[in-house]
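Asker: Sending over final-v3.txt (compact mmCIF, C-alpha atoms and all ligand atoms).
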# COMPACT_ATOMS: atom_id res chain seq x y z
CA MET A 294 9.92 -9.59 0.69
CA ALA A 295 10.51 -13.35 0.51
CA LEU A 296 7.31 -15.16 -0.28
CA PRO A 297 7.51 -18.74 0.94
CA ARG A 298 6.32 -21.40 -1.45
CA ALA A 299 5.87 -25.06 -0.63
CA ARG A 300 7.69 -26.24 2.46
CA PRO A 301 10.53 -28.52 1.35
CA GLU A 302 9.80 -31.13 4.01
CA GLU A 303 6.25 -31.55 2.68
CA GLU A 304 7.51 -32.07 -0.83
CA LEU A 305 9.88 -34.75 0.46
CA GLN A 306 6.95 -36.53 2.08
CA GLY A 307 4.91 -36.30 -1.09
CA ALA A 308 2.32 -34.08 0.62
CA PRO A 309 0.52 -31.57 -1.61
CA ALA A 310 2.47 -28.34 -1.96
CA GLY A 311 1.55 -25.64 0.54
CA LEU A 312 -0.75 -22.77 -0.33
CA ALA A 313 1.40 -19.62 -0.46
CA VAL A 314 0.00 -16.45 1.07
CA ALA A 315 0.86 -14.48 -2.09
CA ARG A 316 2.06 -15.34 -5.57
CA PRO A 317 2.80 -12.03 -7.30
CA ARG A 318 2.62 -12.05 -11.07
CA LEU A 319 4.22 -9.23 -13.01
CA PRO A 320 4.02 -8.75 -16.81
CA PRO A 321 5.70 -11.60 -18.71
CA ALA A 322 8.88 -10.98 -20.68
CA GLU A 323 7.11 -10.91 -24.05
CA ALA A 324 4.80 -8.10 -22.92
CA ILE A 325 7.77 -6.02 -21.75
CA LEU A 326 9.91 -6.68 -24.84
CA PRO A 327 8.44 -3.98 -27.15
CA TYR A 328 9.14 -1.40 -24.46
CA LEU A 329 12.69 -2.71 -23.95
CA GLN A 330 13.23 -2.34 -27.70
CA ARG A 331 12.15 1.29 -27.46
CA ILE A 332 14.84 1.77 -24.79
CA ASP A 333 17.42 0.17 -27.10
CA GLY A 334 16.36 2.54 -29.88
CA ALA A 335 16.38 5.69 -27.76
CA ARG A 336 19.55 4.85 -25.78
CA TRP A 337 17.96 6.74 -22.87
CA TYR A 338 18.12 4.68 -19.68
CA SER A 339 17.13 6.92 -16.76
CA ASN A 340 16.61 10.60 -15.76
CA PHE A 341 12.99 11.04 -16.82
CA GLY A 342 13.21 9.38 -20.21
CA PRO A 343 10.34 8.89 -22.65
CA LEU A 344 9.01 5.68 -21.08
CA LEU A 345 8.92 7.13 -17.57
CA THR A 346 7.22 10.28 -18.86
CA GLU A 347 4.62 8.13 -20.60
CA LEU A 348 4.11 6.03 -17.46
CA GLU A 349 3.57 9.12 -15.29
CA GLY A 350 1.16 10.53 -17.87
CA ARG A 351 -0.87 7.31 -17.97
CA LEU A 352 -0.95 7.09 -14.17
CA ALA A 353 -2.13 10.72 -14.00
CA GLU A 354 -4.96 9.99 -16.47
CA ARG A 355 -6.48 7.73 -13.82
CA LEU A 356 -6.90 10.75 -11.53
CA ARG A 357 -8.74 14.08 -11.80
CA PRO A 358 -7.59 16.42 -14.59
CA GLY A 359 -4.68 18.56 -13.44
CA THR A 360 -3.23 15.91 -11.12
CA HIS A 361 0.55 15.58 -11.06
CA VAL A 362 2.09 12.11 -10.76
CA LEU A 363 5.73 11.81 -9.72
CA THR A 364 7.35 8.41 -9.69
CA VAL A 365 9.76 7.61 -6.87
CA SER A 366 11.98 4.58 -6.21
CA ASN A 367 9.42 3.14 -3.78
CA ALA A 368 6.43 4.28 -1.72
CA THR A 369 8.41 4.53 1.52
CA GLN A 370 10.79 6.98 -0.12
CA ALA A 371 7.85 8.84 -1.71
CA LEU A 372 6.29 9.32 1.75
CA THR A 373 9.62 10.53 3.15
CA LEU A 374 10.21 13.01 0.34
CA ALA A 375 6.62 14.27 0.41
CA LEU A 376 6.96 14.97 4.15
CA GLN A 377 10.26 16.74 3.51
CA ALA A 378 8.68 18.82 0.77
CA MET A 379 5.85 19.86 3.10
CA ASP A 380 8.27 22.01 5.12
CA LEU A 381 7.23 20.74 8.53
CA PRO A 382 9.02 21.85 11.71
CA PRO A 383 12.01 19.51 12.32
CA GLY A 384 11.25 16.97 15.05
CA GLY A 385 7.51 17.65 14.89
CA TYR A 386 4.93 14.97 15.57
CA VAL A 387 3.16 13.26 12.68
CA ILE A 388 -0.02 11.39 13.57
CA LEU A 389 -0.36 7.96 12.00
CA PRO A 390 -2.54 4.93 12.69
CA ALA A 391 -0.89 2.17 14.70
CA TRP A 392 -2.66 -0.25 12.33
CA THR A 393 -0.34 0.17 9.35
CA PHE A 394 2.76 -1.31 7.77
CA VAL A 395 6.08 -0.25 9.35
CA ALA A 396 6.97 1.77 6.23
CA THR A 397 4.67 4.64 7.28
CA ALA A 398 6.57 5.17 10.54
CA HIS A 399 9.98 4.66 8.91
CA ALA A 400 9.15 7.40 6.40
CA ILE A 401 8.27 9.81 9.22
CA VAL A 402 11.55 9.16 11.04
CA GLN A 403 13.57 9.41 7.81
CA ALA A 404 11.98 12.81 7.19
CA GLY A 405 13.33 14.02 10.55
CA LEU A 406 9.92 13.90 12.25
CA LYS A 407 8.39 11.85 15.08
CA PRO A 408 5.65 9.21 14.79
CA TRP A 409 2.64 9.65 17.08
CA PHE A 410 0.57 6.45 17.01
CA VAL A 411 -3.20 6.75 17.22
CA ASP A 412 -5.85 4.02 17.29
CA VAL A 413 -8.11 3.21 14.34
CA ASP A 414 -11.84 2.84 13.81
CA PRO A 415 -12.97 -0.77 14.47
CA GLN A 416 -15.20 -0.87 11.36
CA SER A 417 -12.98 0.71 8.73
CA TRP A 418 -9.61 -0.31 10.33
CA MET A 419 -8.50 3.24 9.48
CA LEU A 420 -7.79 6.50 11.29
CA ASP A 421 -10.92 8.57 11.81
CA PRO A 422 -10.63 12.35 11.27
CA GLY A 423 -12.99 12.99 14.19
CA ALA A 424 -10.80 10.94 16.52
CA ALA A 425 -7.73 12.84 15.33
CA ILE A 426 -9.39 16.16 16.15
CA ALA A 427 -10.51 14.89 19.55
CA LEU A 428 -6.90 14.05 20.42
CA SER A 429 -5.90 17.45 21.58
CA ALA A 430 -7.56 20.80 22.07
CA ASP A 431 -4.67 22.41 20.28
CA LEU A 432 -3.94 19.76 17.68
CA LYS A 433 -2.20 22.31 15.51
CA ARG A 434 0.40 23.00 18.18
CA GLU A 435 1.03 19.32 18.87
CA ALA A 436 0.89 17.66 15.44
CA CYS A 437 2.45 19.07 12.31
CA ALA A 438 0.86 16.55 9.91
CA VAL A 439 -1.38 13.48 9.73
CA ILE A 440 -0.94 10.37 7.56
CA PRO A 441 -4.18 8.41 7.20
CA VAL A 442 -3.45 4.94 5.80
CA CYS A 443 -5.62 3.06 3.30
CA ALA A 444 -6.14 -0.29 5.06
CA PHE A 445 -5.02 -2.97 2.58
CA GLY A 446 -6.33 -0.88 -0.33
CA ALA A 447 -9.60 0.43 1.12
CA LEU A 448 -10.11 4.17 0.78
CA PRO A 449 -10.81 6.38 3.81
CA ASP A 450 -13.45 9.12 3.57
CA LEU A 451 -11.34 11.66 1.68
CA ALA A 452 -14.01 14.40 1.86
CA ARG A 453 -13.89 14.23 5.66
CA TRP A 454 -10.08 14.37 5.59
CA ARG A 455 -10.23 17.43 3.32
CA ALA A 456 -12.62 19.01 5.84
CA PHE A 457 -10.18 18.08 8.62
CA ARG A 458 -7.36 19.87 6.81
CA GLU A 459 -9.53 22.96 6.32
CA GLN A 460 -10.76 22.97 9.89
CA THR A 461 -7.42 22.38 11.63
CA GLY A 462 -4.87 23.69 9.14
CA VAL A 463 -2.91 20.48 9.74
CA PRO A 464 -1.51 19.07 6.47
CA VAL A 465 -2.69 15.58 5.45
CA LEU A 466 -0.72 13.06 3.40
CA ILE A 467 -2.50 9.83 2.42
CA ASP A 468 -0.56 6.56 2.57
CA ALA A 469 -2.45 4.93 -0.29
CA ALA A 470 0.32 2.37 -0.83
CA ALA A 471 -2.09 -0.51 -1.47
CA ALA A 472 -4.83 1.62 -3.03
CA PHE A 473 -3.73 1.76 -6.67
CA ASP A 474 -7.21 0.66 -7.73
CA THR A 475 -9.28 2.91 -5.47
CA LEU A 476 -7.40 6.20 -5.54
CA ALA A 477 -9.09 8.51 -8.04
CA ASP A 478 -8.70 11.84 -6.27
CA ALA A 479 -5.44 13.46 -5.18
CA ARG A 480 -6.77 16.75 -3.80
CA LEU A 481 -5.00 15.49 -0.70
CA PRO A 482 -1.51 14.34 -1.69
CA ALA A 483 -1.35 10.54 -1.78
CA VAL A 484 1.40 7.95 -2.19
CA VAL A 485 0.86 4.64 -4.03
CA SER A 486 3.25 1.66 -4.01
CA LEU A 487 4.16 -0.29 -7.14
CA HIS A 488 5.95 -3.04 -5.20
CA ALA A 489 5.64 -6.57 -6.59
CA THR A 490 3.21 -7.54 -3.82
CA LYS A 491 0.77 -4.73 -4.59
CA ALA A 492 -2.07 -4.87 -7.17
CA LEU A 493 -0.04 -3.11 -9.90
CA GLY A 494 3.46 -4.46 -9.40
CA LEU A 495 6.65 -3.22 -11.06
CA GLY A 496 9.10 -4.91 -8.69
CA GLU A 497 10.03 -1.74 -6.80
CA GLY A 498 8.49 1.66 -7.34
CA GLY A 499 5.92 4.15 -6.13
CA TYR A 500 4.43 7.52 -6.89
CA LEU A 501 3.09 10.67 -5.33
CA ALA A 502 -0.15 12.00 -6.78
CA THR A 503 -1.11 15.57 -5.99
CA GLU A 504 -3.01 18.53 -7.40
CA ASP A 505 -0.56 20.87 -5.66
CA ALA A 506 1.89 21.94 -8.39
CA ALA A 507 4.35 23.46 -5.90
CA LEU A 508 4.48 20.28 -3.82
CA ALA A 509 4.95 18.20 -6.99
CA SER A 510 7.82 20.39 -8.10
CA ARG A 511 9.56 20.20 -4.69
CA VAL A 512 9.20 16.41 -4.50
CA ARG A 513 10.56 16.05 -8.03
CA GLN A 514 13.56 18.17 -7.05
CA LEU A 515 14.15 15.98 -3.99
CA THR A 516 14.23 12.83 -6.16
CA THR A 517 16.99 14.23 -8.33
CA PHE A 518 19.83 15.76 -6.30
CA GLY A 519 18.00 19.03 -5.68
CA PHE A 520 18.27 19.96 -9.36
CA LYS A 521 15.57 22.12 -10.88
CA GLY A 522 16.15 23.23 -14.43
CA SER A 523 19.93 23.27 -14.02
CA ARG A 524 22.71 21.10 -12.66
CA GLU A 525 23.08 23.10 -9.50
CA SER A 526 21.86 21.51 -6.25
CA LEU A 527 19.47 24.10 -4.86
CA VAL A 528 18.48 22.05 -1.82
CA THR A 529 19.92 18.96 -0.15
CA ALA A 530 18.20 15.95 -1.66
CA THR A 531 18.66 12.38 -2.79
CA ASN A 532 18.41 10.22 -5.89
CA ALA A 533 15.10 8.37 -5.94
CA LYS A 534 14.43 8.13 -9.67
CA LEU A 535 13.02 5.13 -11.54
CA SER A 536 14.90 3.85 -14.57
CA GLU A 537 13.46 3.36 -18.03
CA TYR A 538 13.57 -0.41 -17.41
CA THR A 539 11.18 -0.11 -14.49
CA ALA A 540 8.99 2.18 -16.59
CA ALA A 541 8.92 -0.53 -19.29
CA VAL A 542 7.50 -3.01 -16.77
CA GLY A 543 5.07 -0.34 -15.60
CA LEU A 544 3.75 0.37 -19.09
CA ALA A 545 3.27 -3.35 -19.74
CA ALA A 546 1.51 -3.68 -16.37
CA LEU A 547 -0.82 -0.78 -17.22
CA ASP A 548 -1.60 -2.35 -20.62
CA ALA A 549 -2.69 -5.48 -18.76
CA TRP A 550 -4.50 -3.66 -15.94
CA PRO A 551 -8.10 -3.72 -17.27
CA ALA A 552 -7.92 -7.51 -17.72
CA ASP A 553 -5.89 -8.00 -14.54
CA ARG A 554 -8.39 -6.00 -12.53
CA LEU A 555 -11.12 -8.40 -13.68
CA ARG A 556 -8.91 -11.34 -12.69
CA TRP A 557 -8.41 -9.91 -9.19
CA ARG A 558 -12.19 -9.42 -8.90
CA ARG A 559 -12.92 -12.92 -10.17
CA ALA A 560 -10.50 -14.54 -7.71
CA ALA A 561 -11.93 -12.47 -4.86
CA GLN A 562 -15.50 -13.29 -5.72
CA HIS A 563 -14.81 -17.00 -6.00
CA LEU A 564 -13.20 -16.86 -2.58
CA ARG A 565 -16.14 -14.92 -1.11
CA ILE A 566 -18.57 -17.49 -2.52
CA ALA A 567 -16.51 -20.40 -1.17
CA LEU A 568 -16.67 -18.86 2.31
CA VAL A 569 -20.32 -17.87 2.17
CA GLY A 570 -21.22 -20.63 4.63
CA GLN A 571 -18.54 -19.51 7.07
CA PRO A 572 -20.02 -16.45 8.82
CA MET A 573 -17.08 -16.26 11.23
CA VAL A 574 -14.90 -15.00 8.37
CA THR A 575 -15.63 -11.39 7.40
CA PHE A 576 -14.24 -9.33 4.53
CA GLN A 577 -13.44 -5.64 4.34
CA GLU A 578 -16.41 -3.69 3.00
CA GLY A 579 -16.38 -3.79 -0.80
CA TRP A 580 -13.30 -6.04 -0.96
CA GLY A 581 -13.11 -7.67 -4.38
CA THR A 582 -16.48 -6.28 -5.42
CA ASP A 583 -16.22 -2.47 -5.35
CA TRP A 584 -12.43 -2.39 -5.30
CA VAL A 585 -9.53 -4.75 -5.78
CA THR A 586 -6.28 -5.28 -3.95
CA SER A 587 -3.60 -7.92 -3.88
CA VAL A 588 -4.16 -9.21 -0.36
CA CYS A 589 -7.03 -10.87 1.43
CA THR A 590 -7.09 -9.80 5.05
CA VAL A 591 -10.15 -11.16 6.83
CA GLY A 592 -11.74 -10.66 10.20
CA LEU A 593 -12.02 -13.70 12.49
CA PRO A 594 -13.59 -14.25 15.93
CA PRO A 595 -11.98 -12.00 18.58
CA GLY A 596 -8.55 -13.21 19.66
CA SER A 597 -8.57 -16.24 17.35
CA ALA A 598 -6.07 -15.17 14.64
CA ALA A 599 -3.00 -16.95 16.08
CA ARG A 600 -4.89 -20.19 16.70
CA VAL A 601 -6.48 -20.14 13.23
CA ALA A 602 -3.08 -19.39 11.66
CA ALA A 603 -1.52 -22.35 13.48
CA SER A 604 -4.33 -24.67 12.40
CA LEU A 605 -4.05 -23.50 8.78
CA ALA A 606 -0.26 -23.93 8.89
CA ALA A 607 -0.73 -27.54 10.01
CA ASP A 608 -2.88 -27.96 6.88
CA GLY A 609 -0.14 -26.51 4.67
CA VAL A 610 -1.92 -23.17 4.29
CA ASP A 611 0.36 -20.17 4.70
CA THR A 612 -1.00 -16.97 6.26
CA ARG A 613 0.50 -13.60 7.09
CA GLN A 614 -0.01 -10.93 9.72
CA TRP A 615 0.77 -8.30 7.12
CA TRP A 616 0.99 -5.58 9.80
CA GLY A 617 2.24 -7.79 12.65
CA GLY A 618 1.00 -6.70 16.06
CA GLY A 619 0.58 -3.17 14.71
CA CYS A 620 3.27 -0.76 13.55
CA HIS A 621 3.86 0.60 17.08
CA ALA A 622 4.73 -2.91 18.33
CA SER A 623 8.00 -3.05 16.36
CA ARG A 624 11.10 -2.58 18.47
CA ALA A 625 12.20 0.23 16.15
CA PHE A 626 9.27 2.34 17.34
CA ALA A 627 9.23 1.31 21.01
CA ASP A 628 10.03 4.83 22.19
CA CYS A 629 7.49 6.60 20.01
CA ARG A 630 4.58 8.56 21.42
CA ARG A 631 1.27 6.69 21.40
CA GLU A 632 -2.34 6.95 22.48
CA PRO A 633 -4.14 3.94 23.97
CA LEU A 634 -4.44 1.39 21.13
CA PRO A 635 -7.10 -1.18 22.07
CA VAL A 636 -8.65 -1.43 18.59
CA THR A 637 -5.27 -2.01 16.95
CA ALA A 638 -4.49 -4.72 19.51
CA ALA A 639 -7.86 -6.34 18.84
CA LEU A 640 -7.32 -6.22 15.06
CA ALA A 641 -3.85 -7.74 15.39
CA ALA A 642 -5.44 -10.65 17.29
CA SER A 643 -8.51 -11.09 15.09
CA THR A 644 -7.43 -10.45 11.48
CA LEU A 645 -5.35 -12.64 9.20
CA GLY A 646 -3.93 -12.41 5.69
CA LEU A 647 -5.14 -15.48 3.79
CA PRO A 648 -3.57 -16.95 0.64
CA PHE A 649 -4.68 -14.89 -2.34
CA SER A 650 -3.39 -14.30 -5.86
CA ILE A 651 -4.58 -12.96 -9.19
CA ASP A 652 -4.83 -16.47 -10.64
CA MET A 653 -5.91 -18.38 -7.55
CA ASP A 654 -7.79 -21.37 -8.93
CA GLU A 655 -10.88 -23.24 -7.78
CA GLU A 656 -8.82 -26.01 -6.27
CA ALA A 657 -6.75 -23.65 -4.12
CA ILE A 658 -9.88 -21.80 -3.06
CA ALA A 659 -11.65 -25.04 -2.11
CA ARG A 660 -8.60 -26.17 -0.18
CA LEU A 661 -8.43 -22.88 1.71
CA ALA A 662 -12.16 -22.99 2.48
CA ALA A 663 -11.91 -26.57 3.81
CA ALA A 664 -8.88 -25.73 5.95
CA LEU A 665 -10.69 -22.67 7.35
CA ASP A 666 -13.73 -24.82 8.19
CA ARG A 667 -11.48 -27.19 10.13
CA ALA A 668 -9.68 -24.30 11.84
CA LEU A 669 -12.91 -22.61 12.87
CA SER A 670 -15.00 -25.63 13.85
CA GLY A 671 -15.59 -25.33 17.56
CA ALA A 672 -14.17 -21.78 17.54
CA SER A 673 -15.52 -18.85 19.56
C1 LIG A 701 3.46 -1.59 0.85
C2 LIG A 701 3.22 -0.47 1.80
C3 LIG A 701 4.18 0.56 1.96
C4 LIG A 701 5.54 0.50 1.35
O1 LIG A 701 5.59 0.51 -0.03
P1 LIG A 701 7.01 0.28 -0.75
O2 LIG A 701 6.74 0.68 -2.17
O3 LIG A 701 7.33 -1.17 -0.60
O4 LIG A 701 8.01 1.15 -0.10
C5 LIG A 701 3.84 1.62 2.77
N1 LIG A 701 2.68 1.68 3.44
C6 LIG A 701 1.75 0.71 3.33
C7 LIG A 701 0.46 0.83 4.07
C8 LIG A 701 2.00 -0.41 2.52
O5 LIG A 701 1.08 -1.38 2.42
Can the structure in the file be given as structure tokens, please?
Answerer:
Amino acid sequence: MALPRARPEEELQGAPAGLAVARPRLPPAEAILPYLQRIDGARWYSNFGPLLTELEGRLAERLRPGTHVLTVSNATQALTLALQAMDLPPGGYVILPAWTFVATAHAIVQAGLKPWFVDVDPQSWMLDPGAAIALSADLKREACAVIPVCAFGALPDLARWRAFREQTGVPVLIDAAAAFDTLADARLPAVVSLHATKALGLGEGGYLATEDAALASRVRQLTTFGFKGSRESLVTATNAKLSEYTAAVGLAALDAWPADRLRWRRAAQHLRIALVGQPMVTFQEGWGTDWVTSVCTVGLPPGSAARVAASLAADGVDTRQWWGGGCHASRAFADCRREPLPVTAALAASTLGLPFSIDMDEEAIARLAAALDRALSGAS
């Protein structure tokens, strides 16, 4: 994803550089070097080498004992392969929230299934298990799986989703792409992204976490040509492995995580304090205090997001509708089945991704706060 920096025309006019919506920061070269030297020594470059094995082990330690972690080339591919490994009826409907990134729906289609867009809860911005049950008297006949999505890193009520799975028999796969920090429990299989724009960035990468050993084994097989213990392809599959080089970045990123997590929290809390006098801007519950994520998506007065974005842009402040008008609104998914989506439409018109980064400084925060004050004065 291209992340725009200062607009060239502003630099020409000597105006202060624009505030970018994101400025990812991955481990610096010197932190990765010791791991690269281990690769040189081992002469093992891919196919589940020692660094990748160590990375998966360290990621699994963050979850409940007995959890399997399988790295995949990216989270979109991990979602696709997890759906394939779940043995769902070809062409079956998979329920997903309309308020998500397009990757969730792409993964469903790539797995040979059909997206079925459902509206989200206005408070949590996430799919509600009760609403999913209410959809159809015979949900089991109509939907073969459900993918709740962690909104920008927030965690849904996993206990209620486990109860949903027990009650309906419908399999649940969590799109926890942005929830690296919050996900501590993979009793429901969950996929996390390690993309550069997420909290723990490796460039490209992702993983499936699950306590289901059979599912883990099938997904692993799908990432490596259908091999399992021999070089015979037992099932049709793909190649979605991570190389030792990506694992090197991942290990360096994990080394830095405790300190980086504090940096994310500090930046978030400074931003919250700077906007304390601006009650029209609301944060996700627990954002930057209970949990951290790499983006700052705020709530604004109903219908005001486009106008606020335009006003901020005029002040050199970049913003992003991270999920556009909702996943369902993309042309690629125009023909997909959908329920009425008023909450998603309202969120698309009243939420905005503000500039945010791990090392956002006081000056940038003050500038953002002042620009927001100007944008919102006389609003609503
Ligand atoms: C980032 C993201 C993805 C895609 O992750 P990749 O690793 O880039 O494939 C999927 N779903 C959601 C909700 C995301 O935020």
Asker: When distances are computed from only C-alpha atoms and all ligand atoms, which of A:Phe445, A:Trp580, A:Tyr338, A:Trp418 shows the smallest separation from ligand LIG 701 (chain A)?
Answerer: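 Nearest to ligand LIG 701 (chain A): A:Phe445.
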Asker: Which residue, A:Leu481, A:Ala353, A:Leu669, A:Cys629, has the smallest gap to A:Ile401 when you use all atoms listed in the file?
Answerer: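 Selected residue with least distance to A:Ile401: A:Cys629.
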Asker: Need to verify the contact set: stretch 363-375 of chain A, 6 Å, all atoms listed in the file, exclusion of same-chain residues closer than 3 positions in sequence. Can you return it as a PyMOL selection string?
Answerer: chain A and resi 378+396+400+404+486+497-501+512+533-535
Asker: Restricting it to C-alpha atoms, dump the selection as a JSON list (two decimals), in the coordinates of the input.
Answerer:
[["chain", "number", "residue", "atom", "x", "y", "z"],
["A", 378, "ALA", "CA", 8.68, 18.82, 0.77],
["A", 396, "ALA", "CA", 6.97, 1.77, 6.23],
["A", 400, "ALA", "CA", 9.15, 7.40, 6.40],
["A", 404, "ALA", "CA", 11.98, 12.81, 7.19],
["A", 486, "SER", "CA", 3.25, 1.66, -4.01],
["A", 497, "GLU", "CA", 10.03, -1.74, -6.80],
["A", 498, "GLY", "CA", 8.49, 1.66, -7.34],
["A", 499, "GLY", "CA", 5.92, 4.15, -6.13],
["A", 500, "TYR", "CA", 4.43, 7.52, -6.89],
["A", 501, "LEU", "CA", 3.09, 10.67, -5.33],
["A", 512, "VAL", "CA", 9.20, 16.41, -4.50],
["A", 533, "ALA", "CA", 15.10, 8.37, -5.94],
["A", 534, "LYS", "CA", 14.43, 8.13, -9.67],
["A", 535, "LEU", "CA", 13.02, 5.13, -11.54]]
Asker: What is the distance between atom CA of A:Ala424 and atom CA of A:Pro390, in Å to one decimal?
Answerer: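 Computing the Euclidean distance for atom CA of A:Ala424 and atom CA of A:Pro390 yields 10.9 Å.
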Asker: Between atom CA of A:Gly570 and atom CA of A:Ser670, what distance in Å does the model show, to one decimal?
Answerer: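 Taking atom CA of A:Gly570 as the start and atom CA of A:Ser670 as the end point, the length is 12.2 Å.
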Asker: For atom CA of A:Ala599 and atom CA of A:Cys443, determine how far apart the two atoms are, in Å to one decimal place.
Answerer: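 Distance between the two atoms: 23.9 Å.
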Asker: Given only C-alpha atoms and all ligand atoms as the basis, pick out the residue of A:Asp548, A:Asp666, A:Asp478, A:Asp468 nearest to ligand LIG 701 (chain A).
Answerer: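 Checking each candidate against ligand LIG 701 (chain A), we get A:Asp468 as the closest.
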Asker: Counting only C-alpha atoms, which of A:Ala313, A:Gln377, A:Pro635, A:Ile651 gets nearest to A:Ala552?
Answerer: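 Among the listed residues, the smallest separation from A:Ala552 belongs to A:Ile651.
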Asker: For ligand LIG 701 (chain A), which residue out of A:Ser510, A:Thr393, A:Ser429, A:Ser650 is the nearest one, using only C-alpha atoms and all ligand atoms?
Answerer: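 Ranked by minimum distance to ligand LIG 701 (chain A), first place goes to A:Thr393.
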Asker: Out of A:Arg513, A:Arg667, A:His621, A:Lys521, which residue has the shortest atom-to-atom distance to A:Val362 when counting only C-alpha atoms?
Answerer: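 Among the listed residues, the smallest separation from A:Val362 belongs to A:Arg513.
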Asker: List the spatial neighbours of A:Ala479 as an MDAnalysis selection string - criterion: any atom at most 6 Å away, all atoms listed in the file, same-chain residues fewer than 3 positions off excluded.
Answerer: chainID A and resid 482 502:503
Asker: Pick out the residues sitting within 9 Å of A:Leu389, and hand them over as a ChimeraX atom specification; count all atoms listed in the file, and ignore anything fewer than 4 positions along from it in its own chain.
Answerer: /A:393,397-398,408-412,420,438-442
Asker: Compute the distance from (16.2, 6.4, -14.1) to each atom, counting only C-alpha atoms, keep the residues with any atom at most 9 Å away, and return them as a list in words; use the coordinates of the file.
Answerer: Trp337, Tyr338, Ser339, Asn340, Phe341, Gly342, Leu345, Ala533, Lys534, Leu535, Ser536, Glu537, Tyr538, Thr539 and Ala540 of chain A
Asker: Store the residues of this selection in a file with C-alpha atoms, as a short mmCIF file (atom, residue, chain, number, x, y, z; two decimals), in the frame of the given file.
Answerer:
data_model
loop_
_atom_site.label_atom_id
_atom_site.label_comp_id
_atom_site.auth_asym_id
_atom_site.auth_seq_id
_atom_site.Cartn_x
_atom_site.Cartn_y
_atom_site.Cartn_z
CA TRP A 337 17.96 6.74 -22.87
CA TYR A 338 18.12 4.68 -19.68
CA SER A 339 17.13 6.92 -16.76
CA ASN A 340 16.61 10.60 -15.76
CA PHE A 341 12.99 11.04 -16.82
CA GLY A 342 13.21 9.38 -20.21
CA LEU A 345 8.92 7.13 -17.57
CA ALA A 533 15.10 8.37 -5.94
CA LYS A 534 14.43 8.13 -9.67
CA LEU A 535 13.02 5.13 -11.54
CA SER A 536 14.90 3.85 -14.57
CA GLU A 537 13.46 3.36 -18.03
CA TYR A 538 13.57 -0.41 -17.41
CA THR A 539 11.18 -0.11 -14.49
CA ALA A 540 8.99 2.18 -16.59
#
